[in-house]
>>> print(open('work-v1.pdb').read())   # PDB, C-alpha atoms and all ligand atoms
ATOM      1  CA  MET A   1     -75.912  77.117  73.248  1.00  0.00           C
ATOM      2  CA  THR A   2     -78.821  79.488  73.880  1.00  0.00           C
ATOM      3  CA  ARG A   3     -79.966  81.237  70.754  1.00  0.00           C
ATOM      4  CA  GLY A   4     -79.583  85.028  70.750  1.00  0.00           C
ATOM      5  CA  ARG A   5     -82.581  87.322  71.031  1.00  0.00           C
ATOM      6  CA  PHE A   6     -83.878  88.988  67.888  1.00  0.00           C
ATOM      7  CA  ILE A   7     -85.050  92.522  68.645  1.00  0.00           C
ATOM      8  CA  VAL A   8     -86.359  94.862  65.948  1.00  0.00           C
ATOM      9  CA  PHE A   9     -86.933  98.630  65.880  1.00  0.00           C
ATOM     10  CA  GLU A  10     -89.650  99.938  63.577  1.00  0.00           C
ATOM     11  CA  GLY A  11     -91.398 103.202  62.782  1.00  0.00           C
ATOM     12  CA  ILE A  12     -91.751 105.880  60.156  1.00  0.00           C
ATOM     13  CA  ASP A  13     -88.727 107.807  58.920  1.00  0.00           C
ATOM     14  CA  GLY A  14     -87.613 110.273  61.599  1.00  0.00           C
ATOM     15  CA  CYS A  15     -89.012 108.315  64.587  1.00  0.00           C
ATOM     16  CA  GLY A  16     -85.572 107.757  66.128  1.00  0.00           C
ATOM     17  CA  LYS A  17     -85.408 103.988  65.621  1.00  0.00           C
ATOM     18  CA  SER A  18     -81.906 103.944  64.122  1.00  0.00           C
ATOM     19  CA  THR A  19     -80.460 105.799  67.123  1.00  0.00           C
ATOM     20  CA  GLN A  20     -82.134 103.415  69.565  1.00  0.00           C
ATOM     21  CA  ALA A  21     -81.224 100.297  67.556  1.00  0.00           C
ATOM     22  CA  ARG A  22     -77.542 101.260  67.551  1.00  0.00           C
ATOM     23  CA  ARG A  23     -77.655 102.157  71.220  1.00  0.00           C
ATOM     24  CA  TRP A  24     -79.249  98.856  72.243  1.00  0.00           C
ATOM     25  CA  ALA A  25     -76.932  96.793  70.098  1.00  0.00           C
ATOM     26  CA  ALA A  26     -74.088  98.348  72.086  1.00  0.00           C
ATOM     27  CA  GLU A  27     -75.821  98.005  75.485  1.00  0.00           C
ATOM     28  CA  LEU A  28     -76.758  94.362  74.910  1.00  0.00           C
ATOM     29  CA  ASP A  29     -73.425  93.538  73.308  1.00  0.00           C
ATOM     30  CA  GLY A  30     -75.365  92.353  70.276  1.00  0.00           C
ATOM     31  CA  ARG A  31     -74.990  92.810  66.549  1.00  0.00           C
ATOM     32  CA  PHE A  32     -76.550  95.858  64.885  1.00  0.00           C
ATOM     33  CA  VAL A  33     -78.153  95.119  61.514  1.00  0.00           C
ATOM     34  CA  PHE A  34     -80.366  97.151  59.198  1.00  0.00           C
ATOM     35  CA  GLU A  35     -82.602  96.862  56.142  1.00  0.00           C
ATOM     36  CA  PRO A  36     -82.529  97.519  53.339  1.00  0.00           C
ATOM     37  CA  GLY A  37     -78.901  97.133  52.345  1.00  0.00           C
ATOM     38  CA  ASP A  38     -76.861  95.408  55.070  1.00  0.00           C
ATOM     39  CA  THR A  39     -75.077  92.886  52.827  1.00  0.00           C
ATOM     40  CA  GLU A  40     -73.052  93.287  49.642  1.00  0.00           C
ATOM     41  CA  LEU A  41     -76.024  92.133  47.574  1.00  0.00           C
ATOM     42  CA  GLY A  42     -78.372  94.216  49.722  1.00  0.00           C
ATOM     43  CA  ALA A  43     -76.332  97.376  49.179  1.00  0.00           C
ATOM     44  CA  GLN A  44     -76.949  97.058  45.441  1.00  0.00           C
ATOM     45  CA  LEU A  45     -80.645  96.405  45.973  1.00  0.00           C
ATOM     46  CA  ARG A  46     -80.790  99.456  48.259  1.00  0.00           C
ATOM     47  CA  THR A  47     -79.415 101.780  45.578  1.00  0.00           C
ATOM     48  CA  TRP A  48     -82.103 100.589  43.157  1.00  0.00           C
ATOM     49  CA  LEU A  49     -84.825 100.838  45.785  1.00  0.00           C
ATOM     50  CA  LEU A  50     -84.029 104.342  46.981  1.00  0.00           C
ATOM     51  CA  ASP A  51     -83.039 105.900  43.667  1.00  0.00           C
ATOM     52  CA  ALA A  52     -85.914 108.151  42.647  1.00  0.00           C
ATOM     53  CA  HIS A  53     -85.044 107.616  38.959  1.00  0.00           C
ATOM     54  CA  PHE A  54     -86.454 104.099  38.923  1.00  0.00           C
ATOM     55  CA  ALA A  55     -90.213 104.427  39.058  1.00  0.00           C
ATOM     56  CA  MET A  56     -91.216 100.944  40.212  1.00  0.00           C
ATOM     57  CA  GLY A  57     -94.561  99.505  41.148  1.00  0.00           C
ATOM     58  CA  PRO A  58     -95.239  98.497  44.738  1.00  0.00           C
ATOM     59  CA  ARG A  59     -94.995  94.768  43.984  1.00  0.00           C
ATOM     60  CA  VAL A  60     -91.532  95.147  42.488  1.00  0.00           C
ATOM     61  CA  GLU A  61     -90.570  97.265  45.464  1.00  0.00           C
ATOM     62  CA  SER A  62     -91.866  94.542  47.815  1.00  0.00           C
ATOM     63  CA  LEU A  63     -90.012  91.782  46.002  1.00  0.00           C
ATOM     64  CA  LEU A  64     -86.701  93.675  46.084  1.00  0.00           C
ATOM     65  CA  MET A  65     -87.149  94.370  49.812  1.00  0.00           C
ATOM     66  CA  LEU A  66     -87.901  90.689  50.351  1.00  0.00           C
ATOM     67  CA  ALA A  67     -84.889  89.604  48.286  1.00  0.00           C
ATOM     68  CA  ASP A  68     -82.707  91.813  50.477  1.00  0.00           C
ATOM     69  CA  ARG A  69     -84.328  90.407  53.625  1.00  0.00           C
ATOM     70  CA  SER A  70     -84.087  86.770  52.553  1.00  0.00           C
ATOM     71  CA  HIS A  71     -80.372  87.082  51.872  1.00  0.00           C
ATOM     72  CA  HIS A  72     -79.873  89.039  55.106  1.00  0.00           C
ATOM     73  CA  VAL A  73     -81.616  86.341  57.159  1.00  0.00           C
ATOM     74  CA  THR A  74     -79.651  83.431  55.749  1.00  0.00           C
ATOM     75  CA  THR A  75     -76.224  85.075  55.621  1.00  0.00           C
ATOM     76  CA  VAL A  76     -76.256  87.336  58.710  1.00  0.00           C
ATOM     77  CA  ILE A  77     -79.237  87.157  61.063  1.00  0.00           C
ATOM     78  CA  GLU A  78     -79.674  83.401  61.527  1.00  0.00           C
ATOM     79  CA  PRO A  79     -75.950  82.603  61.819  1.00  0.00           C
ATOM     80  CA  THR A  80     -75.541  85.361  64.430  1.00  0.00           C
ATOM     81  CA  LEU A  81     -78.525  84.182  66.505  1.00  0.00           C
ATOM     82  CA  ASP A  82     -77.215  80.610  66.265  1.00  0.00           C
ATOM     83  CA  GLN A  83     -73.946  81.762  67.815  1.00  0.00           C
ATOM     84  CA  GLY A  84     -75.906  82.952  70.852  1.00  0.00           C
ATOM     85  CA  VAL A  85     -75.486  86.628  69.971  1.00  0.00           C
ATOM     86  CA  ASP A  86     -78.440  89.043  70.136  1.00  0.00           C
ATOM     87  CA  VAL A  87     -79.412  90.691  66.844  1.00  0.00           C
ATOM     88  CA  ILE A  88     -80.749  94.244  67.013  1.00  0.00           C
ATOM     89  CA  ALA A  89     -82.345  95.293  63.750  1.00  0.00           C
ATOM     90  CA  ASP A  90     -83.200  98.675  62.299  1.00  0.00           C
ATOM     91  CA  ARG A  91     -86.308  97.514  60.354  1.00  0.00           C
ATOM     92  CA  PHE A  92     -87.490  94.012  59.415  1.00  0.00           C
ATOM     93  CA  PHE A  93     -90.560  92.479  57.771  1.00  0.00           C
ATOM     94  CA  ALA A  94     -93.072  94.828  59.394  1.00  0.00           C
ATOM     95  CA  SER A  95     -91.529  97.629  57.310  1.00  0.00           C
ATOM     96  CA  THR A  96     -92.673  95.919  54.125  1.00  0.00           C
ATOM     97  CA  LEU A  97     -96.165  95.336  55.489  1.00  0.00           C
ATOM     98  CA  ALA A  98     -96.350  98.960  56.648  1.00  0.00           C
ATOM     99  CA  TYR A  99     -94.829 100.731  53.616  1.00  0.00           C
ATOM    100  CA  GLN A 100     -95.714  98.489  50.682  1.00  0.00           C
ATOM    101  CA  GLY A 101     -98.869  96.975  52.229  1.00  0.00           C
ATOM    102  CA  TYR A 102    -100.655  99.643  54.257  1.00  0.00           C
ATOM    103  CA  GLY A 103     -98.828 102.495  52.504  1.00  0.00           C
ATOM    104  CA  ARG A 104     -98.851 101.485  48.847  1.00  0.00           C
ATOM    105  CA  GLY A 105    -101.772  99.061  48.827  1.00  0.00           C
ATOM    106  CA  VAL A 106    -100.166  95.675  48.156  1.00  0.00           C
ATOM    107  CA  ASP A 107    -102.476  92.960  49.452  1.00  0.00           C
ATOM    108  CA  LEU A 108    -101.470  92.170  53.037  1.00  0.00           C
ATOM    109  CA  ALA A 109    -102.242  88.452  52.898  1.00  0.00           C
ATOM    110  CA  GLU A 110    -100.146  88.090  49.739  1.00  0.00           C
ATOM    111  CA  LEU A 111     -97.327  90.061  51.318  1.00  0.00           C
ATOM    112  CA  ARG A 112     -97.398  87.862  54.399  1.00  0.00           C
ATOM    113  CA  ALA A 113     -97.206  84.750  52.208  1.00  0.00           C
ATOM    114  CA  ALA A 114     -94.276  86.206  50.255  1.00  0.00           C
ATOM    115  CA  THR A 115     -92.616  87.118  53.547  1.00  0.00           C
ATOM    116  CA  SER A 116     -92.832  83.502  54.687  1.00  0.00           C
ATOM    117  CA  LEU A 117     -91.180  82.422  51.463  1.00  0.00           C
ATOM    118  CA  ALA A 118     -88.391  84.962  52.044  1.00  0.00           C
ATOM    119  CA  ILE A 119     -87.648  84.459  55.744  1.00  0.00           C
ATOM    120  CA  GLY A 120     -89.184  81.131  56.734  1.00  0.00           C
ATOM    121  CA  SER A 121     -89.590  80.889  60.484  1.00  0.00           C
ATOM    122  CA  CYS A 122     -87.094  83.640  61.363  1.00  0.00           C
ATOM    123  CA  ARG A 123     -89.316  85.995  63.392  1.00  0.00           C
ATOM    124  CA  PRO A 124     -88.373  88.683  65.912  1.00  0.00           C
ATOM    125  CA  ASP A 125     -88.756  87.914  69.613  1.00  0.00           C
ATOM    126  CA  LEU A 126     -89.779  91.512  70.162  1.00  0.00           C
ATOM    127  CA  THR A 127     -90.436  94.536  67.941  1.00  0.00           C
ATOM    128  CA  PHE A 128     -90.406  98.088  69.290  1.00  0.00           C
ATOM    129  CA  LEU A 129     -92.597 100.577  67.464  1.00  0.00           C
ATOM    130  CA  LEU A 130     -91.288 104.092  68.066  1.00  0.00           C
ATOM    131  CA  ASP A 131     -94.489 105.912  67.405  1.00  0.00           C
ATOM    132  CA  VAL A 132     -94.442 109.545  66.315  1.00  0.00           C
ATOM    133  CA  ASP A 133     -96.870 111.834  64.617  1.00  0.00           C
ATOM    134  CA  VAL A 134     -96.174 112.260  60.901  1.00  0.00           C
ATOM    135  CA  SER A 135     -95.744 116.034  61.315  1.00  0.00           C
ATOM    136  CA  VAL A 136     -93.075 115.482  64.007  1.00  0.00           C
ATOM    137  CA  ALA A 137     -91.287 112.940  61.841  1.00  0.00           C
ATOM    138  CA  ARG A 138     -91.407 115.248  58.829  1.00  0.00           C
ATOM    139  CA  GLN A 139     -89.926 118.106  60.843  1.00  0.00           C
ATOM    140  CA  ARG A 140     -87.101 115.916  62.099  1.00  0.00           C
ATOM    141  CA  GLY A 141     -86.412 114.665  58.607  1.00  0.00           C
ATOM    142  CA  ALA A 142     -86.897 117.946  56.791  1.00  0.00           C
ATOM    143  CA  SER A 143     -83.209 118.159  55.963  1.00  0.00           C
ATOM    144  CA  ARG A 144     -83.046 114.746  54.297  1.00  0.00           C
ATOM    145  CA  GLN A 145     -86.084 114.479  52.035  1.00  0.00           C
ATOM    146  CA  ASP A 146     -83.873 113.068  49.374  1.00  0.00           C
ATOM    147  CA  ASP A 147     -84.859 109.515  48.624  1.00  0.00           C
ATOM    148  CA  ARG A 148     -87.910 108.069  46.985  1.00  0.00           C
ATOM    149  CA  PHE A 149     -89.637 107.114  50.215  1.00  0.00           C
ATOM    150  CA  GLU A 150     -88.929 110.217  52.231  1.00  0.00           C
ATOM    151  CA  SER A 151     -90.248 112.523  49.533  1.00  0.00           C
ATOM    152  CA  VAL A 152     -93.591 110.765  48.967  1.00  0.00           C
ATOM    153  CA  PRO A 153     -96.390 113.329  49.259  1.00  0.00           C
ATOM    154  CA  GLY A 154     -99.817 113.255  50.855  1.00  0.00           C
ATOM    155  CA  ASP A 155    -101.071 110.843  53.442  1.00  0.00           C
ATOM    156  CA  PHE A 156     -98.739 107.966  52.562  1.00  0.00           C
ATOM    157  CA  LEU A 157     -96.875 108.194  55.874  1.00  0.00           C
ATOM    158  CA  GLU A 158    -100.166 108.465  57.767  1.00  0.00           C
ATOM    159  CA  ARG A 159    -101.195 105.112  56.330  1.00  0.00           C
ATOM    160  CA  VAL A 160     -97.788 103.644  57.161  1.00  0.00           C
ATOM    161  CA  ARG A 161     -98.036 104.887  60.753  1.00  0.00           C
ATOM    162  CA  ASP A 162    -101.593 103.581  61.138  1.00  0.00           C
ATOM    163  CA  GLY A 163    -100.460 100.229  59.742  1.00  0.00           C
ATOM    164  CA  TYR A 164     -97.695  99.951  62.304  1.00  0.00           C
ATOM    165  CA  ARG A 165    -100.101 100.799  65.110  1.00  0.00           C
ATOM    166  CA  GLU A 166    -102.569  98.206  63.882  1.00  0.00           C
ATOM    167  CA  MET A 167     -99.914  95.473  63.688  1.00  0.00           C
ATOM    168  CA  ALA A 168     -98.642  96.321  67.178  1.00  0.00           C
ATOM    169  CA  ALA A 169    -102.148  96.358  68.665  1.00  0.00           C
ATOM    170  CA  SER A 170    -103.042  93.002  67.149  1.00  0.00           C
ATOM    171  CA  ASP A 171     -99.949  91.168  68.452  1.00  0.00           C
ATOM    172  CA  SER A 172     -99.036  92.721  71.792  1.00  0.00           C
ATOM    173  CA  ASP A 173     -97.003  89.655  72.842  1.00  0.00           C
ATOM    174  CA  HIS A 174     -94.424  90.458  70.183  1.00  0.00           C
ATOM    175  CA  TRP A 175     -94.698  94.261  69.981  1.00  0.00           C
ATOM    176  CA  ALA A 176     -94.148  97.149  72.361  1.00  0.00           C
ATOM    177  CA  VAL A 177     -95.168 100.687  71.448  1.00  0.00           C
ATOM    178  CA  VAL A 178     -93.001 103.510  72.791  1.00  0.00           C
ATOM    179  CA  ASP A 179     -93.780 107.203  72.429  1.00  0.00           C
ATOM    180  CA  GLY A 180     -91.074 108.353  70.011  1.00  0.00           C
ATOM    181  CA  THR A 181     -91.635 112.041  70.768  1.00  0.00           C
ATOM    182  CA  LEU A 182     -89.939 111.606  74.167  1.00  0.00           C
ATOM    183  CA  SER A 183     -86.264 112.474  74.565  1.00  0.00           C
ATOM    184  CA  GLU A 184     -83.703 109.877  73.513  1.00  0.00           C
ATOM    185  CA  GLU A 185     -82.999 109.109  77.187  1.00  0.00           C
ATOM    186  CA  ASP A 186     -86.671 108.719  78.067  1.00  0.00           C
ATOM    187  CA  VAL A 187     -87.271 106.436  75.092  1.00  0.00           C
ATOM    188  CA  ALA A 188     -84.265 104.369  76.181  1.00  0.00           C
ATOM    189  CA  SER A 189     -85.623 104.121  79.758  1.00  0.00           C
ATOM    190  CA  ARG A 190     -88.945 102.854  78.497  1.00  0.00           C
ATOM    191  CA  ILE A 191     -87.201 100.293  76.311  1.00  0.00           C
ATOM    192  CA  ARG A 192     -85.115  99.166  79.306  1.00  0.00           C
ATOM    193  CA  GLU A 193     -88.309  98.580  81.302  1.00  0.00           C
ATOM    194  CA  VAL A 194     -89.909  96.550  78.523  1.00  0.00           C
ATOM    195  CA  LEU A 195     -86.785  94.437  78.042  1.00  0.00           C
ATOM    196  CA  ALA A 196     -86.680  93.715  81.784  1.00  0.00           C
ATOM    197  CA  GLU A 197     -90.382  92.801  81.852  1.00  0.00           C
ATOM    198  CA  ARG A 198     -90.111  90.455  78.869  1.00  0.00           C
ATOM    199  CA  ARG A 199     -86.856  88.654  79.614  1.00  0.00           C
TER     200      ARG A 199
HETATM  201  P1  LIG B   1     -84.093 103.378  56.183  1.00  0.00           P
HETATM  202  O1  LIG B   1     -82.747 102.882  55.777  1.00  0.00           O
HETATM  203  O2  LIG B   1     -84.612 102.965  57.514  1.00  0.00           O
HETATM  204  O3  LIG B   1     -84.114 104.967  56.109  1.00  0.00           O
HETATM  205  P2  LIG B   1     -82.928 105.964  56.465  1.00  0.00           P
HETATM  206  O4  LIG B   1     -81.957 105.869  55.341  1.00  0.00           O
HETATM  207  O5  LIG B   1     -83.640 107.296  56.500  1.00  0.00           O
HETATM  208  O6  LIG B   1     -82.403 105.533  57.788  1.00  0.00           O
HETATM  209  O7  LIG B   1     -85.153 102.966  55.091  1.00  0.00           O
HETATM  210  C1  LIG B   1     -85.118 103.529  53.808  1.00  0.00           C
HETATM  211  C2  LIG B   1     -86.516 103.630  53.261  1.00  0.00           C
HETATM  212  O8  LIG B   1     -86.969 102.334  52.847  1.00  0.00           O
HETATM  213  C3  LIG B   1     -87.495 104.129  54.289  1.00  0.00           C
HETATM  214  O9  LIG B   1     -88.183 105.256  53.766  1.00  0.00           O
HETATM  215  C4  LIG B   1     -88.464 102.989  54.488  1.00  0.00           C
HETATM  216  C5  LIG B   1     -88.307 102.180  53.241  1.00  0.00           C
HETATM  217  N1  LIG B   1     -88.601 100.730  53.403  1.00  0.00           N
HETATM  218  C6  LIG B   1     -89.731 100.189  52.794  1.00  0.00           C
HETATM  219  O10 LIG B   1     -90.500 100.913  52.149  1.00  0.00           O
HETATM  220  N2  LIG B   1     -89.984  98.834  52.908  1.00  0.00           N
HETATM  221  C7  LIG B   1     -89.152  98.005  53.599  1.00  0.00           C
HETATM  222  O11 LIG B   1     -89.394  96.787  53.677  1.00  0.00           O
HETATM  223  C8  LIG B   1     -87.978  98.583  54.228  1.00  0.00           C
HETATM  224  C9  LIG B   1     -87.023  97.697  54.965  1.00  0.00           C
HETATM  225  C10 LIG B   1     -87.743  99.942  54.092  1.00  0.00           C
END
>>> encode(input="work-v1.pdb", output="C-alpha cells")
Amino acid sequence: MTRGRFIVFEGIDGCGKSTQARRWAAELDGRFVFEPGDTELGAQLRTWLLDAHFAMGPRVESLLMLADRSHHVTTVIEPTLDQGVDVIADRFFASTLAYQGYGRGVDLAELRAATSLAIGSCRPDLTFLLDVDVSVARQRGASRQDDRFESVPGDFLERVRDGYREMAASDSDHWAVVDGTLSEEDVASRIREVLAERR
C-alpha cells in the first residue's frame, strides 16, 4: 500500500495555518492532526506548556514539546501514514526550532539532535509556511492573547518569523512559502498550485 503524504502547516500565531490545515485535511480526505496536545498524554502536556503559571526554561519547554511530538508520531502519525492516509498537521518539528530555537535561544544543533531522538525518520513530505508580518498576526490575534506564548512581549515573534523564513529558504525542496496576508481563498489557491506541482 502506498504510504500517505505528510503535509505540515507552520507559521506564527495568527497566520491562518489552522484554518488551512483543517481545510486541506477535508479536501484531501486526510487526517487532521495538531501539536501540541493531540493525544490524551499530549493534552496534559499542552495544559502545562500553555499555562502562564508555570515559568519554565526554554529547554524544559523544548523537551515537553518533543515528548508530545514523539508520542504523537508513534501513536497517530506513523500508523495513519502506514494505512495510506494523508496526514495534515497544524505544526510539527519546525515549530520547536522556530519558537524554542530561534525565538528563545536554545541551540539549534542540539534541538535538531533531540528532534531526531523524538521522531526518528518521520519527516514531512512538504511544509507550508504561511508567512505574515508580526503586526498583522498580532492584530488578528489581539482577542486571544491569553496563553504564555501569545503574550510574549518584544521581538520574540520577529525572531520566530525570521527563523521560519530561514528554514524554508534553506530547504526549498521540502518547504513552500505562501503569503498569509492574502484572503483565505487566495491562500488556498496557492496551496492547490503547489500541491499539483509537487505531486
Ligand atoms: P497552537 O496550538 O498552534 O496555537 P493556537 O492555540 O493559538 O492555535 O500553539 C500553541 C503555542 O505553542 C503557540 O504559541 C506556538 C507554541 N509552540 C511552541 O512554542 N513550540 C512547539 O514546538 C509547538 C508545537 C508550539
>>> axis_aligned_box(input="work-v1.pdb", around="ligand LIG 1 (chain B)", padding_each_side="3 Å", output="AutoDock Vina command-line options")
--center_x -86.2 --center_y 102.0 --center_z 55.0 --size_x 14.5 --size_y 16.5 --size_z 11.6
>>> closest_atom_pairs(input="work-v1.pdb", of="chain A", to="ligand LIG 1 (chain B)", cutoff="6 Å", atoms="only C-alpha atoms and all ligand atoms", output="CSV")
residue,atom,partner,partner_atom,distance
A:Asp13,CA,B:LIG1,O5,5.7
A:Glu35,CA,B:LIG1,C9,4.7
A:Pro36,CA,B:LIG1,C9,4.8
A:Met65,CA,B:LIG1,O11,5.1
A:Arg91,CA,B:LIG1,C9,5.4
A:Phe92,CA,B:LIG1,C9,5.8
A:Ser95,CA,B:LIG1,O11,4.3
A:Thr96,CA,B:LIG1,O11,3.4
A:Tyr99,CA,B:LIG1,O10,4.6
A:Gln100,CA,B:LIG1,O10,5.9
A:Phe149,CA,B:LIG1,O9,4.3
A:Glu150,CA,B:LIG1,O9,5.2
>>> closest_residue(input="work-v1.pdb", among="A:Asp179, A:Asp171, A:Glu185, A:Asp133", to="Ile12 of chain A", atoms="all atoms listed in the file")
A:Asp133
>>> closest_residue(input="work-v1.pdb", among="A:Ala67, A:Arg140, A:Thr127, A:Glu197", to="Gln44 of chain A", atoms="only C-alpha atoms")
A:Ala67
>>> closest_residue(input="work-v1.pdb", among="A:Ala43, A:Ala21, A:Val85, A:Ile119", to="Leu66 of chain A", atoms="all atoms listed in the file")
A:Ile119
>>> resolve_selection(input="work-v1.pdb", expression="the PyMOL selection byres (((chain A and resi 75) around 12) and not hetatm)", output="mmCIF file with C-alpha atoms, in the frame of the given file")
data_model
loop_
_atom_site.group_PDB
_atom_site.id
_atom_site.type_symbol
_atom_site.label_atom_id
_atom_site.label_comp_id
_atom_site.auth_asym_id
_atom_site.auth_seq_id
_atom_site.Cartn_x
_atom_site.Cartn_y
_atom_site.Cartn_z
ATOM 1 C CA VAL A 33 -78.153 95.119 61.514
ATOM 2 C CA ASP A 38 -76.861 95.408 55.070
ATOM 3 C CA THR A 39 -75.077 92.886 52.827
ATOM 4 C CA GLU A 40 -73.052 93.287 49.642
ATOM 5 C CA LEU A 41 -76.024 92.133 47.574
ATOM 6 C CA GLY A 42 -78.372 94.216 49.722
ATOM 7 C CA ASP A 68 -82.707 91.813 50.477
ATOM 8 C CA ARG A 69 -84.328 90.407 53.625
ATOM 9 C CA SER A 70 -84.087 86.770 52.553
ATOM 10 C CA HIS A 71 -80.372 87.082 51.872
ATOM 11 C CA HIS A 72 -79.873 89.039 55.106
ATOM 12 C CA VAL A 73 -81.616 86.341 57.159
ATOM 13 C CA THR A 74 -79.651 83.431 55.749
ATOM 14 C CA VAL A 76 -76.256 87.336 58.710
ATOM 15 C CA ILE A 77 -79.237 87.157 61.063
ATOM 16 C CA GLU A 78 -79.674 83.401 61.527
ATOM 17 C CA PRO A 79 -75.950 82.603 61.819
ATOM 18 C CA THR A 80 -75.541 85.361 64.430
ATOM 19 C CA LEU A 81 -78.525 84.182 66.505
ATOM 20 C CA ASP A 82 -77.215 80.610 66.265
ATOM 21 C CA ILE A 119 -87.648 84.459 55.744
#
>>> closest_residue(input="work-v1.pdb", among="A:Ala55, A:Val60, A:Val87, A:Gly103", to="Val160 of chain A", atoms="only C-alpha atoms")
A:Gly103
>>> residues_around(input="work-v1.pdb", residues="Arg165 of chain A", least_positions_apart="6", cutoff="9 Å", atoms="all atoms listed in the file", output="number ranges by chain")
A: 129, 131, 177
>>> atom_distance(input="work-v1.pdb", atom1="atom CA of Glu61 of chain A", atom2="atom CA of Trp48 of chain A")
9.4 Å
>>> closest_residue(input="work-v1.pdb", among="A:Asp86, A:Glu158, A:Glu193, A:Asp125", to="Ala137 of chain A", atoms="only C-alpha atoms")
A:Glu158
>>> closest_residue(input="work-v1.pdb", among="A:Ser62, A:Ser170, A:Ser121, A:Thr19", to="Val106 of chain A", atoms="only C-alpha atoms")
A:Ser62
>>> residues_around(input="work-v1.pdb", residues="Asp90 of chain A", least_positions_apart="4", cutoff="8 Å", atoms="all atoms listed in the file", output="list in words")
Val8, Phe9, Glu10, Lys17, Ser18, Ala21, Phe32, Val33, Phe34 and Glu35 of chain A
>>> decode(input="work-v1.pdb", residues="segment 99-120 of chain A", atoms="C-alpha atoms", output="short mmCIF file (atom, residue, chain, number, x, y, z; two decimals), in the first residue's frame")
data_model
loop_
_atom_site.label_atom_id
_atom_site.label_comp_id
_atom_site.auth_asym_id
_atom_site.auth_seq_id
_atom_site.Cartn_x
_atom_site.Cartn_y
_atom_site.Cartn_z
CA TYR A 99 9.91 29.09 18.87
CA GLN A 100 12.36 27.45 21.26
CA GLY A 101 15.42 27.67 18.97
CA TYR A 102 15.28 30.93 17.03
CA GLY A 103 12.80 32.51 19.46
CA ARG A 104 14.11 31.51 22.88
CA GLY A 105 17.73 30.77 22.03
CA VAL A 106 18.05 27.01 22.52
CA ASP A 107 20.99 25.76 20.46
CA LEU A 108 19.67 24.71 17.05
CA ALA A 109 22.07 21.81 16.53
CA GLU A 110 21.14 20.38 19.94
CA LEU A 111 17.46 20.83 19.19
CA ARG A 112 17.83 19.03 15.88
CA ALA A 113 19.58 16.13 17.62
CA ALA A 114 16.84 15.95 20.26
CA THR A 115 14.25 16.07 17.48
CA SER A 116 15.83 13.04 15.84
CA LEU A 117 15.63 11.19 19.13
CA ALA A 118 11.94 12.12 19.43
CA ILE A 119 10.70 11.45 15.89
CA GLY A 120 13.31 9.29 14.19
#
